[in-house]
Amino acid sequence: MILSPEVLTIEILDTIFLIFGSVAFVLAVKISLKWDINSTSHTQYNLENQSFLSATIIKYIFAIKLPLFLFFVFTLDKISNLLTGAMCAAGVVNATEYGTYLLILKLLNLYLFGLWLTIHYLDMKNPNLPYTKIKFEFFTIAYWFLIVEIVLEFISFYNINVDKMVSCCGTLYSSSASSVIGNVLRIDTPLLLSVFYGIFLLLVLFYRFRVKYLFAIFNIAFIIISLIALISFFGTYIYELPTHHCPFCFMQKDYYFIGYFIYTFLFIGTFYGIRSGVMQILKEPNYQSYNISLIFDTLFVLLVSSYPLVYFIRNGVWL
Amino acid sequence: MITLKDITKIYELNKNNTIIAIKNINLYIKEGELIVLKGVSGSGKSTILSLIASLTKPTTGEVIVDKQRVSKLPDNFASNYRQTTIGFIFQKYNLIPTLSVEDNILLPLVPTNPDEDEARAKLDRVLTQFNITHKQHSIVRNLSGGEQQRVAISRALINNPKVIIADEPTANLDEKLSKDFIDILQSLKQSGKTIVVATHDPIFFDLDIVDKIIEIRAGKIV
């Protein structure tokens, strides 16, 4: 088990989320079951007050979780020094069988909480609170994802054995690995890049012609293909090493923390893309989401594309 | 204009100590009416005013003002409603003593951030209406009680609200100033404002301008 100051900070915050999130959950269940905006009963007035309390708790959890995600990645990177064999966060993530699931769940929860905030924002814009029931029903589901994330986080840190050797990212993210990653890395590069730029082009077209639902759906596809392309192709140009595919190392100082920018652009762009779909379902105007999404998706594509281009201009060859 | 439907308001001081401020009140006030809520201290008059102004929410029942269900408004909308629809005149004026008359009057405009000409026009209108132009730059704490009240009324009316609520407005005034205040009420009524006054001052009970006197006793309309 690892109990560094960073891990302790994360676990204390997890405990706070668990307590306050559970309070918000109990209130959310009550609101989901009994909400009737037209009622003038004592129960309804109480629910209206409780809905503000619950929403405030959820907002604060999200407000802390957002920077905490970056802190979590930073922590993984930092504690990799304590594990024999680990060169970066990848070694820590794979030190237990739960690490990868935890990372995916953390990302998913950020998207879920972000979408919850979108619905909350729309709800608070209207004096009749039209989405209160929906947003708390949504939270009653999102809460369980939060709980699983917290439990996985405790289990992951608890099961990390500092005396046990772990694999480094070079082994984990290699085309010879017999894992999903190995299969991903064996994808034909021209095909991968065609799909990556193809989806981005489609996003631009869907934006231009306001094909709203497809814009949101293709943003989901864009996250997946971007992560694959990053690991399989673009990462190698950031490292300037054809065999190094780690999705974590480029967040280190040696690479000017460029990974934080790459992931921030990707996650903001795709989040707003998905958000635009949710707003479309709720029949709310959402031009701002479209614009932000396309700007950040474009920044991501430009940033990752610049690495192979600069490499080619400098060296006259591809890796 | 103003409807209170089956309103009950219970203040919960703690689990075993609750105060029933008003119980099952039904009230309808037409646009342009001047209503006096009469009753001793603690009878529930101020609670009714607070409910109309959406300063508090009922325990049960519904308050509708100018077709808005104000008892259901979330806080951000309630603030906006108070700013645009309600002018509140307090017993103790609630002015900021260290600011000038014009700064006090202009305070309700701050959140709306109007341009200077618009704010100046509104200020000049109320200063002239309530005859305090000559005191425009005076510091409020240096004014007499009657002048302070006219500043408070000007502040309440700077946004040209439809409803004016006055809580014990003559409690700190002598007889002459109370009569001056009633003259002001008369002019406001003539300009079409709906006015609700909570008071136990007998000066209000025989006035021609009052459309209805409603007696509140122990939280109920008598």
# chains A, B, ... in the order shown; residues from 1 in each chain; ligands from 1
>>> interface_residues(of="chain B", to="chain A", cutoff="8 Å", atoms="only C-alpha atoms", output="MDAnalysis selection string")
chainID B and resid 57:62 72:74 77
>>> write_last_selection(atoms="C-alpha atoms", output="PDB file, in the first residue's frame")
ATOM      1  CA  LYS B  57     -41.412  31.208   0.939  1.00  0.00           C
ATOM      2  CA  PRO B  58     -44.639  29.862   2.374  1.00  0.00           C
ATOM      3  CA  THR B  59     -44.777  26.539   4.163  1.00  0.00           C
ATOM      4  CA  THR B  60     -47.852  25.684   2.118  1.00  0.00           C
ATOM      5  CA  GLY B  61     -49.942  27.607  -0.395  1.00  0.00           C
ATOM      6  CA  GLU B  62     -49.167  29.893  -3.266  1.00  0.00           C
ATOM      7  CA  LYS B  72     -42.083  29.159  -6.552  1.00  0.00           C
ATOM      8  CA  LEU B  73     -39.349  31.399  -7.867  1.00  0.00           C
ATOM      9  CA  PRO B  74     -35.748  30.217  -7.471  1.00  0.00           C
ATOM     10  CA  PHE B  77     -35.460  34.918 -10.317  1.00  0.00           C
TER      11      PHE B  77
END
>>> select_by_dssp(residues="region 61-178 of chain A", states="alpha helix (DSSP H)", output="count of residues only")
82
>>> residues_around(residues="Ser156 (chain A)", least_positions_apart="4", cutoff="8 Å", atoms="only C-alpha atoms", output="list of chain:residue names")
A:Thr96, A:Glu97, A:Tyr98, A:Gly99, A:Leu152, A:Ile160
>>> atom_distance(atom1="CA of Ser71 (chain B)", atom2="CA of Ser54 (chain B)")
6.3 Å
>>> residues_around(residues="Ser232 (chain A)", least_positions_apart="6", cutoff="8 Å", atoms="only C-alpha atoms", output="ChimeraX atom specification")
/A:184-185,189,245
>>> residues_around(residues="Lys193 (chain B)", least_positions_apart="3", cutoff="7 Å", atoms="only C-alpha atoms", output="list in words")
Gly32, Lys162, Val163, Ile164, Leu188 and Lys189 of chain B
>>> residues_around(residues="Leu123 (chain B)", least_positions_apart="4", cutoff="7 Å", atoms="only C-alpha atoms", output="list in words")
Leu106, Ala119, Leu127 and Ile158 of chain B
>>> write_last_selection(atoms="C-alpha atoms", output="PDB file, in the first residue's frame")
ATOM      1  CA  LEU B 106     -29.326  54.833  -7.048  1.00  0.00           C
ATOM      2  CA  ALA B 119     -29.822  56.483 -14.258  1.00  0.00           C
ATOM      3  CA  LEU B 127     -35.944  63.565  -6.489  1.00  0.00           C
ATOM      4  CA  ILE B 158     -36.417  54.331  -8.631  1.00  0.00           C
TER       5      ILE B 158
END
>>> residues_around(residues="Glu33 (chain B)", least_positions_apart="4", cutoff="10 Å", atoms="only C-alpha atoms", output="list in words")
Met1, Ile29, Val163, Lys189, Gln190, Gly192, Lys193, Thr194, Ile195, Val196, Ile209, Val210, Asp211 and Lys212 of chain B
>>> atom_distance(atom1="CA of Ala171 (chain B)", atom2="CA of Val36 (chain B)")
14.4 Å
>>> atom_distance(atom1="CA of Gly39 (chain B)", atom2="CA of Gln91 (chain B)")
15.2 Å
>>> select_by_dssp(residues="region 10-219 of chain B", states="strand (DSSP E or B)", output="NGL selection string")
:B and (10-14 or 17-29 or 34-38 or 60-65 or 68-69 or 86-89 or 100 or 139 or 163-167 or 194-199 or 212-217)
>>> closest_residue(among="B:Leu185, B:Val222, B:Leu37, B:Val101", to="Glu147 (chain B)", atoms="only C-alpha atoms")
B:Val101
>>> closest_residue(among="A:Phe300, A:Tyr290, A:Tyr131, A:Phe248", to="Ile262 (chain A)", atoms="only C-alpha atoms")
A:Phe300
